[in-house]
Amino acid sequence: MSFFNIVNYTPNSYIIVEGKKDAYNFFIIREGKVKVSRENPVVGEDPNQVLGPGDFFGVVAAMSQHAQIESAIALSNVSLISVSFDQFGTLIQKSTAVAMNIIRFFSMKLRQFDSTITRLSFRNAVEEDPNELFQIGDYYYNQQNATHATFAYQSYLKYLPNGQYAAQAKLRLQTLNQPLTGSDIDYTKFNRAYADNEMVFCEHEPGKELFIIQKGKVKITKIVNNNEVMLAVLQSGDIFGEMAILDNKPRSASAIAWGEVDLLAINKANFEGMVKAQPQLATRLITLLSERIWTAYKQLANLMISDPQGRIADTLLTLAEKNRVKIAPKSAYNFEIGTKDLLKMVGLTDPKDELMVLDLITKNKFIRLDQGKISTTDLAELEKLVQFYRKKAHMENKIKKNK
């Protein structure tokens with residue numbers, strides 16, 4: 001690891017600071033202890049983590065090129081390996097084990113964040129469980145979506161041939177004039193082609209592979225409270241399904257071809273070898289995971305703001321940050337969304353909530369609604385407004401804890 005810079009810090013020194021932009025380096029601890037904290041801790045996370053030799057921090061900001069989402073302070077004399085985002089490929093070649101540790105840690109962190117977001121946003125969310133494949137089949141059956149219902153019922157019978165719903169699943173497949181077993185996947189072939197609307201995998205199904213999109217688009221969806229929620233639309237070059245092969249858990253969402261799709265499949269057995277042989281793959285995966293963790297953290301931080309107008313303003317700022325727009329005084333930006341789309345993002349659905357957006361616009365002249373689209377004339381003012389709501393939420397949470 002001598003290729004990388006070694007940096008040293010004395011006790012109580014700040015190594016990284018939350019909110020700092022242009023953060024290009026992350027750190028691996030060689031010696032000493034470092035405390036990592038956040039100004040507004042998110043639910044389900046230790047607000048003050050103490051890290052030691054072999055641990056790492058600052059990866060999310062460095063690899064996603066967003067502002068820091070945490071602060072790190074030296075608790076003792078500390079020696080660190082400093083790795084810049086463009087040296088990640090070299091790090092993999094020098095130490096595949098370190099790269100795999102980061103990928104596994106990120107996968108675990110992302111699943112934890114996703115689970116918390118789902119729990120806070122949708123109260124009746126179900127943990128991933130192959131038994132639920134029958135319920136997924138029933139959802140699509142009732143929606144008269146024979147393609148997806150067939151896939152879910154066949155998956156249920158594949159993984160739980162003697163399960164409690166096996167007889168019902170067989171009956172449903174007979175009603176749909178479909179065979180009890182789907183076409184067998186040849187796991188020795190890495191290249192896979194899917195027709196429009198074909199399921200790549202189903203939520204709750206055990207996962208064996210991750211996929212890289214070579215051509216076309218893939219929808220990622222989840223059934224929540226008897227509704228199909230679209231989580232993302234992925235495009236050529238995107239990676240998905242990595243969580244299942246990294247932490248041995250069932251699929252947390254479904255992947256469905258949107259148009260004709262060509263995929264490259266990578267399984268557990270060849271994943272580590274591929275990371276070593278193709279550092280650019282691991283770099284792409286870490287960059288993707290960093291972006292997802294940054295987005296998930298921002299969603300969780302947004303859920304911590306109790307004031308709905310604060311959450312609306314914070315969502316607008318996050319949209320600008322996600323598109324890497326420079327937050328500066330008098331910097332204008334068009335969000336290209338209307339009030340209904342904005343409210344959906346915040347999880348507000350009542351028609352009266354639109355009045356809340358209009359009230360926010362009336363009170364803050366730098367936010368505008370023009371021809372149905374929201375824009376701002378000053379991103380720095382929007383950032384100040386969001387900081388006000390975050391501080392307010394921080395104080396409210398402190399008061400709650402002290403009661």
# chains A, B, ... in the order shown; residues from 1 in each chain; ligands from 1

$ residues_around --residues "A:Gly54" --least-positions-apart "2" --cutoff "10 Å" --atoms "only C-alpha atoms" --output "ChimeraX atom specification"
/A:27-31,51-52,56,80-81,98,101

$ write_last_selection --atoms "N, CA and C atoms" --output "PDB file, in the first residue's frame"
ATOM      1  N   PHE A  27     -10.143   7.583   3.420  1.00  0.00           N
ATOM      2  CA  PHE A  27      -9.037   7.201   4.302  1.00  0.00           C
ATOM      3  C   PHE A  27      -9.215   5.796   4.863  1.00  0.00           C
ATOM      4  N   ILE A  28      -8.084   5.085   4.971  1.00  0.00           N
ATOM      5  CA  ILE A  28      -8.039   3.778   5.634  1.00  0.00           C
ATOM      6  C   ILE A  28      -7.122   3.957   6.850  1.00  0.00           C
ATOM      7  N   ILE A  29      -7.587   3.538   8.029  1.00  0.00           N
ATOM      8  CA  ILE A  29      -6.820   3.763   9.264  1.00  0.00           C
ATOM      9  C   ILE A  29      -5.689   2.737   9.390  1.00  0.00           C
ATOM     10  N   ARG A  30      -4.459   3.231   9.574  1.00  0.00           N
ATOM     11  CA  ARG A  30      -3.309   2.351   9.831  1.00  0.00           C
ATOM     12  C   ARG A  30      -3.114   2.170  11.334  1.00  0.00           C
ATOM     13  N   GLU A  31      -3.120   3.322  12.042  1.00  0.00           N
ATOM     14  CA  GLU A  31      -2.918   3.296  13.501  1.00  0.00           C
ATOM     15  C   GLU A  31      -3.815   4.348  14.145  1.00  0.00           C
ATOM     16  N   LEU A  51     -13.794   4.166  15.075  1.00  0.00           N
ATOM     17  CA  LEU A  51     -13.134   3.273  14.123  1.00  0.00           C
ATOM     18  C   LEU A  51     -11.680   3.061  14.501  1.00  0.00           C
ATOM     19  N   GLY A  52     -11.147   1.909  14.100  1.00  0.00           N
ATOM     20  CA  GLY A  52      -9.751   1.580  14.402  1.00  0.00           C
ATOM     21  C   GLY A  52      -9.023   1.066  13.173  1.00  0.00           C
ATOM     22  N   PHE A  56     -12.353   2.221   7.439  1.00  0.00           N
ATOM     23  CA  PHE A  56     -12.239   3.293   6.433  1.00  0.00           C
ATOM     24  C   PHE A  56     -13.389   4.273   6.607  1.00  0.00           C
ATOM     25  N   LEU A  80      -3.021   7.507   8.717  1.00  0.00           N
ATOM     26  CA  LEU A  80      -4.027   7.099   7.730  1.00  0.00           C
ATOM     27  C   LEU A  80      -3.423   6.916   6.345  1.00  0.00           C
ATOM     28  N   ILE A  81      -4.006   5.995   5.588  1.00  0.00           N
ATOM     29  CA  ILE A  81      -3.679   5.886   4.163  1.00  0.00           C
ATOM     30  C   ILE A  81      -4.719   6.722   3.434  1.00  0.00           C
ATOM     31  N   VAL A  98      -9.239  -5.324   0.528  1.00  0.00           N
ATOM     32  CA  VAL A  98      -9.722  -4.019   1.021  1.00  0.00           C
ATOM     33  C   VAL A  98     -10.924  -3.574   0.192  1.00  0.00           C
ATOM     34  N   ASN A 101     -13.936  -5.571   1.103  1.00  0.00           N
ATOM     35  CA  ASN A 101     -14.455  -5.123   2.416  1.00  0.00           C
ATOM     36  C   ASN A 101     -15.333  -3.897   2.253  1.00  0.00           C
TER      37      ASN A 101
END

$ select_by_dssp --residues "stretch 163-389 of chain A" --states "alpha helix (DSSP H)" --output "NGL selection string"
:A and (166-175 or 242-247 or 268-277 or 279-303 or 308-322 or 339-346 or 353-363 or 379-389)

$ residues_around --residues "stretch 385-402 of chain A" --least-positions-apart "6" --cutoff "9 Å" --atoms "only C-alpha atoms" --output "PDB file with N, CA and C atoms, in the first residue's frame"
ATOM      1  N   GLU A  39     -24.139  15.502  12.159  1.00  0.00           N
ATOM      2  CA  GLU A  39     -24.845  16.564  12.883  1.00  0.00           C
ATOM      3  C   GLU A  39     -26.276  16.122  13.216  1.00  0.00           C
ATOM      4  N   ASN A  40     -26.939  15.510  12.213  1.00  0.00           N
ATOM      5  CA  ASN A  40     -28.292  14.976  12.432  1.00  0.00           C
ATOM      6  C   ASN A  40     -28.261  13.470  12.187  1.00  0.00           C
ATOM      7  N   ALA A 301     -32.300  11.585   6.194  1.00  0.00           N
ATOM      8  CA  ALA A 301     -32.155  12.896   6.844  1.00  0.00           C
ATOM      9  C   ALA A 301     -33.424  13.725   6.612  1.00  0.00           C
ATOM     10  N   ASN A 302     -34.012  13.574   5.408  1.00  0.00           N
ATOM     11  CA  ASN A 302     -35.250  14.299   5.087  1.00  0.00           C
ATOM     12  C   ASN A 302     -36.396  13.847   5.990  1.00  0.00           C
ATOM     13  N   MET A 304     -36.186  12.929   8.935  1.00  0.00           N
ATOM     14  CA  MET A 304     -35.954  13.424  10.301  1.00  0.00           C
ATOM     15  C   MET A 304     -36.504  14.841  10.504  1.00  0.00           C
ATOM     16  N   ILE A 305     -36.799  15.550   9.367  1.00  0.00           N
ATOM     17  CA  ILE A 305     -37.350  16.910   9.456  1.00  0.00           C
ATOM     18  C   ILE A 305     -38.859  16.788   9.673  1.00  0.00           C
ATOM     19  N   SER A 306     -39.339  17.307  10.799  1.00  0.00           N
ATOM     20  CA  SER A 306     -40.766  17.128  11.128  1.00  0.00           C
ATOM     21  C   SER A 306     -41.668  18.096  10.356  1.00  0.00           C
ATOM     22  N   ASP A 307     -41.164  19.276  10.028  1.00  0.00           N
ATOM     23  CA  ASP A 307     -41.967  20.288   9.333  1.00  0.00           C
ATOM     24  C   ASP A 307     -42.103  19.916   7.847  1.00  0.00           C
ATOM     25  N   GLN A 309     -43.000  21.553   5.242  1.00  0.00           N
ATOM     26  CA  GLN A 309     -42.406  22.539   4.317  1.00  0.00           C
ATOM     27  C   GLN A 309     -40.881  22.421   4.310  1.00  0.00           C
ATOM     28  N   GLY A 310     -40.324  22.077   5.456  1.00  0.00           N
ATOM     29  CA  GLY A 310     -38.873  21.840   5.542  1.00  0.00           C
ATOM     30  C   GLY A 310     -38.472  20.657   4.686  1.00  0.00           C
ATOM     31  N   ARG A 311     -39.293  19.603   4.712  1.00  0.00           N
ATOM     32  CA  ARG A 311     -39.004  18.410   3.914  1.00  0.00           C
ATOM     33  C   ARG A 311     -39.114  18.721   2.419  1.00  0.00           C
ATOM     34  N   ALA A 313     -38.577  21.736   0.979  1.00  0.00           N
ATOM     35  CA  ALA A 313     -37.395  22.545   0.619  1.00  0.00           C
ATOM     36  C   ALA A 313     -36.149  21.667   0.534  1.00  0.00           C
ATOM     37  N   ASP A 314     -35.996  20.746   1.488  1.00  0.00           N
ATOM     38  CA  ASP A 314     -34.836  19.846   1.523  1.00  0.00           C
ATOM     39  C   ASP A 314     -34.817  18.941   0.284  1.00  0.00           C
ATOM     40  N   LEU A 317     -33.486  20.953  -2.651  1.00  0.00           N
ATOM     41  CA  LEU A 317     -32.029  21.128  -2.572  1.00  0.00           C
ATOM     42  C   LEU A 317     -31.320  19.832  -2.961  1.00  0.00           C
ATOM     43  N   ASN A 364     -41.174  32.500   0.321  1.00  0.00           N
ATOM     44  CA  ASN A 364     -39.762  32.538  -0.113  1.00  0.00           C
ATOM     45  C   ASN A 364     -39.693  32.897  -1.584  1.00  0.00           C
TER      46      ASN A 364
END

$ residues_around --residues "A:Thr221" --least-positions-apart "5" --cutoff "6 Å" --atoms "only C-alpha atoms" --output "PDB file with all heavy atoms, in the first residue's frame"
ATOM      1  N   VAL A 229     -44.631   0.103  -6.326  1.00  0.00           N
ATOM      2  CA  VAL A 229     -43.897   1.370  -6.262  1.00  0.00           C
ATOM      3  C   VAL A 229     -42.658   1.253  -7.149  1.00  0.00           C
ATOM      4  O   VAL A 229     -41.878   0.302  -7.016  1.00  0.00           O
ATOM      5  CB  VAL A 229     -43.462   1.685  -4.806  1.00  0.00           C
ATOM      6  CG1 VAL A 229     -42.691   2.999  -4.737  1.00  0.00           C
ATOM      7  CG2 VAL A 229     -44.673   1.730  -3.875  1.00  0.00           C
ATOM      8  N   MET A 230     -42.483   2.205  -8.076  1.00  0.00           N
ATOM      9  CA  MET A 230     -41.286   2.192  -8.924  1.00  0.00           C
ATOM     10  C   MET A 230     -40.161   2.920  -8.195  1.00  0.00           C
ATOM     11  O   MET A 230     -40.263   4.105  -7.909  1.00  0.00           O
ATOM     12  CB  MET A 230     -41.553   2.833 -10.280  1.00  0.00           C
ATOM     13  CG  MET A 230     -40.385   2.648 -11.219  1.00  0.00           C
ATOM     14  SD  MET A 230     -40.824   2.703 -12.962  1.00  0.00           S
ATOM     15  CE  MET A 230     -41.019   4.455 -13.192  1.00  0.00           C
ATOM     16  N   LEU A 231     -39.102   2.196  -7.891  1.00  0.00           N
ATOM     17  CA  LEU A 231     -37.988   2.783  -7.138  1.00  0.00           C
ATOM     18  C   LEU A 231     -36.970   3.455  -8.051  1.00  0.00           C
ATOM     19  O   LEU A 231     -36.340   4.435  -7.666  1.00  0.00           O
ATOM     20  CB  LEU A 231     -37.282   1.692  -6.309  1.00  0.00           C
ATOM     21  CG  LEU A 231     -38.152   0.927  -5.301  1.00  0.00           C
ATOM     22  CD1 LEU A 231     -37.336  -0.151  -4.611  1.00  0.00           C
ATOM     23  CD2 LEU A 231     -38.754   1.870  -4.272  1.00  0.00           C
ATOM     24  N   ALA A 253     -36.170  -6.110  -4.047  1.00  0.00           N
ATOM     25  CA  ALA A 253     -37.069  -5.489  -5.026  1.00  0.00           C
ATOM     26  C   ALA A 253     -37.064  -6.350  -6.285  1.00  0.00           C
ATOM     27  O   ALA A 253     -36.253  -7.274  -6.401  1.00  0.00           O
ATOM     28  CB  ALA A 253     -36.613  -4.070  -5.333  1.00  0.00           C
ATOM     29  N   SER A 254     -37.977  -6.054  -7.212  1.00  0.00           N
ATOM     30  CA  SER A 254     -38.035  -6.791  -8.482  1.00  0.00           C
ATOM     31  C   SER A 254     -37.355  -5.986  -9.581  1.00  0.00           C
ATOM     32  O   SER A 254     -37.342  -4.747  -9.531  1.00  0.00           O
ATOM     33  CB  SER A 254     -39.491  -7.054  -8.885  1.00  0.00           C
ATOM     34  OG  SER A 254     -40.138  -7.852  -7.916  1.00  0.00           O
TER      35      SER A 254
END

$ residues_around --residues "A:Pro179" --least-positions-apart "6" --cutoff "10 Å" --atoms "only C-alpha atoms" --output "list in words"
Thr150, Gln154, Lys170 and Leu173 of chain A

$ write_last_selection --atoms "all heavy atoms" --output "mmCIF file, in the first residue's frame"
data_model
loop_
_atom_site.group_PDB
_atom_site.id
_atom_site.type_symbol
_atom_site.label_atom_id
_atom_site.label_comp_id
_atom_site.auth_asym_id
_atom_site.auth_seq_id
_atom_site.Cartn_x
_atom_site.Cartn_y
_atom_site.Cartn_z
ATOM 1 N N THR A 150 -47.106 -15.240 -13.283
ATOM 2 C CA THR A 150 -46.526 -16.550 -13.624
ATOM 3 C C THR A 150 -45.117 -16.680 -13.059
ATOM 4 O O THR A 150 -44.773 -17.691 -12.447
ATOM 5 C CB THR A 150 -46.504 -16.736 -15.168
ATOM 6 O OG1 THR A 150 -47.843 -16.693 -15.645
ATOM 7 C CG2 THR A 150 -45.847 -18.047 -15.561
ATOM 8 N N GLN A 154 -44.119 -19.439 -10.248
ATOM 9 C CA GLN A 154 -43.102 -20.443 -10.618
ATOM 10 C C GLN A 154 -41.892 -20.355 -9.678
ATOM 11 O O GLN A 154 -41.338 -21.391 -9.284
ATOM 12 C CB GLN A 154 -42.665 -20.251 -12.077
ATOM 13 C CG GLN A 154 -43.710 -20.692 -13.092
ATOM 14 C CD GLN A 154 -43.327 -20.348 -14.520
ATOM 15 O OE1 GLN A 154 -42.459 -19.500 -14.766
ATOM 16 N NE2 GLN A 154 -43.979 -21.012 -15.479
ATOM 17 N N LYS A 170 -49.986 -23.824 -7.835
ATOM 18 C CA LYS A 170 -50.180 -24.722 -8.988
ATOM 19 C C LYS A 170 -51.528 -24.460 -9.663
ATOM 20 O O LYS A 170 -51.637 -24.419 -10.882
ATOM 21 C CB LYS A 170 -50.101 -26.192 -8.534
ATOM 22 C CG LYS A 170 -48.673 -26.640 -8.197
ATOM 23 C CD LYS A 170 -48.662 -28.030 -7.577
ATOM 24 C CE LYS A 170 -47.241 -28.402 -7.143
ATOM 25 N NZ LYS A 170 -47.212 -29.663 -6.372
ATOM 26 N N LEU A 173 -51.411 -21.277 -11.695
ATOM 27 C CA LEU A 173 -50.663 -21.450 -12.949
ATOM 28 C C LEU A 173 -51.499 -22.212 -13.973
ATOM 29 O O LEU A 173 -51.453 -21.910 -15.171
ATOM 30 C CB LEU A 173 -49.332 -22.166 -12.687
ATOM 31 C CG LEU A 173 -48.257 -21.299 -12.019
ATOM 32 C CD1 LEU A 173 -47.110 -22.147 -11.488
ATOM 33 C CD2 LEU A 173 -47.710 -20.236 -12.975
#

$ residues_around --residues "stretch 189-195 of chain A" --least-positions-apart "3" --cutoff "7 Å" --atoms "only C-alpha atoms" --output "PDB file with C-alpha atoms, in the first residue's frame"
ATOM      1  CA  ASP A 186     -28.087 -21.414 -17.874  1.00  0.00           C
ATOM      2  CA  GLU A 198     -39.975  -9.767 -18.766  1.00  0.00           C
ATOM      3  CA  ALA A 257     -37.092  -5.265 -18.505  1.00  0.00           C
ATOM      4  CA  GLY A 259     -38.042  -2.637 -23.683  1.00  0.00           C
ATOM      5  CA  GLU A 260     -35.553  -5.230 -24.990  1.00  0.00           C
ATOM      6  CA  VAL A 261     -32.605  -5.627 -22.637  1.00  0.00           C
ATOM      7  CA  ASP A 262     -29.158  -7.247 -22.800  1.00  0.00           C
ATOM      8  CA  LEU A 263     -27.487  -7.989 -19.466  1.00  0.00           C
ATOM      9  CA  LEU A 264     -24.126  -9.281 -18.276  1.00  0.00           C
ATOM     10  CA  ALA A 265     -24.612 -11.619 -15.278  1.00  0.00           C
ATOM     11  CA  ILE A 266     -21.921 -12.091 -12.623  1.00  0.00           C
TER      12      ILE A 266
END

$ closest_residue --among "A:Phe57, A:Phe88, A:Tyr153, A:Phe211" --to "A:Tyr165" --atoms "only C-alpha atoms"
A:Tyr153

$ closest_residue --among "A:Ile213, A:Leu160, A:Leu358, A:Ile367" --to "A:Phe335" --atoms "only C-alpha atoms"
A:Ile367

$ residues_around --residues "A:Pro206" --least-positions-apart "5" --cutoff "7 Å" --atoms "only C-alpha atoms" --output "JSON list (two decimals) with all heavy atoms, in the first residue's frame"
[["chain", "number", "residue", "atom", "x", "y", "z"],
["A", 249, "LYS", "N", -28.76, -12.36, 1.06],
["A", 249, "LYS", "CA", -30.16, -12.16, 1.45],
["A", 249, "LYS", "C", -31.02, -12.19, 0.19],
["A", 249, "LYS", "O", -30.55, -11.92, -0.91],
["A", 249, "LYS", "CB", -30.31, -10.80, 2.15],
["A", 249, "LYS", "CG", -29.56, -10.75, 3.47],
["A", 249, "LYS", "CD", -30.47, -10.23, 4.56],
["A", 249, "LYS", "CE", -29.74, -10.24, 5.89],
["A", 249, "LYS", "NZ", -29.94, -9.02, 6.63],
["A", 250, "PRO", "N", -32.33, -12.49, 0.36],
["A", 250, "PRO", "CA", -33.22, -12.48, -0.82],
["A", 250, "PRO", "C", -33.31, -11.09, -1.45],
["A", 250, "PRO", "O", -32.91, -10.09, -0.85],
["A", 250, "PRO", "CB", -34.58, -12.88, -0.22],
["A", 250, "PRO", "CG", -34.27, -13.56, 1.07],
["A", 250, "PRO", "CD", -33.03, -12.89, 1.59],
["A", 251, "ARG", "N", -33.83, -11.06, -2.66],
["A", 251, "ARG", "CA", -33.97, -9.78, -3.39],
["A", 251, "ARG", "C", -34.89, -8.84, -2.64],
["A", 251, "ARG", "O", -35.97, -9.25, -2.18],
["A", 251, "ARG", "CB", -34.56, -10.04, -4.79],
["A", 251, "ARG", "CG", -33.75, -10.99, -5.67],
["A", 251, "ARG", "CD", -32.45, -10.38, -6.10],
["A", 251, "ARG", "NE", -31.77, -11.23, -7.09],
["A", 251, "ARG", "CZ", -30.53, -10.99, -7.52],
["A", 251, "ARG", "NH1", -29.85, -9.97, -7.04],
["A", 251, "ARG", "NH2", -29.97, -11.78, -8.40]]

$ select_by_dssp --residues "stretch 231-350 of chain A" --states "strand (DSSP E)" --output "VMD selection string"
chain A and resid 231 to 234 239 to 240 254 to 267 333 to 334

$ closest_residue --among "A:Lys35, A:Lys352, A:Lys268, A:Lys276" --to "A:Glu209" --atoms "only C-alpha atoms"
A:Lys268

$ atom_distance --atom1 "atom CA of A:Phe201" --atom2 "atom CA of A:Leu300"
26.8 Å

$ closest_residue --among "A:Gln280, A:Thr181, A:Ser155, A:Asn227" --to "A:Gln87" --atoms "only C-alpha atoms"
A:Gln280

$ atom_distance --atom1 "atom CA of A:Leu234" --atom2 "atom CA of A:Glu70"
27.8 Å

$ closest_residue --among "A:Asn226, A:Gln49, A:Asn323, A:Thr295" --to "A:Ile117" --atoms "only C-alpha atoms"
A:Thr295

$ closest_residue --among "A:Ala149, A:Met243, A:Val224, A:Leu379" --to "A:Ser331" --atoms "only C-alpha atoms"
A:Leu379

$ closest_atom_pairs --of "stretch 77-183 of chain A" --to "stretch 10-15 of chain A" --cutoff "10 Å" --atoms "only C-alpha atoms" --output "tab-separated table"
residue	atom	partner	partner_atom	distance
A:Asn77	CA	A:Thr10	CA	4.6
A:Val78	CA	A:Thr10	CA	6.4
A:Ser79	CA	A:Thr10	CA	9.1
A:Leu80	CA	A:Ile15	CA	9.9

$ write_last_selection --atoms "N, CA and C atoms" --output "short mmCIF file (atom, residue, chain, number, x, y, z; two decimals), in the first residue's frame"
data_model
loop_
_atom_site.label_atom_id
_atom_site.label_comp_id
_atom_site.auth_asym_id
_atom_site.auth_seq_id
_atom_site.Cartn_x
_atom_site.Cartn_y
_atom_site.Cartn_z
N ASN A 77 -3.30 9.96 18.41
CA ASN A 77 -2.43 10.15 17.26
C ASN A 77 -2.84 9.12 16.21
N VAL A 78 -3.07 9.60 14.99
CA VAL A 78 -3.64 8.73 13.95
C VAL A 78 -2.77 8.75 12.71
N SER A 79 -2.56 7.55 12.14
CA SER A 79 -1.86 7.43 10.86
C SER A 79 -2.84 6.83 9.86
N LEU A 80 -3.02 7.51 8.72
CA LEU A 80 -4.03 7.10 7.73
C LEU A 80 -3.42 6.92 6.35
#

$ atom_distance --atom1 "atom CA of A:Asn334" --atom2 "atom CA of A:Asp370"
9.6 Å
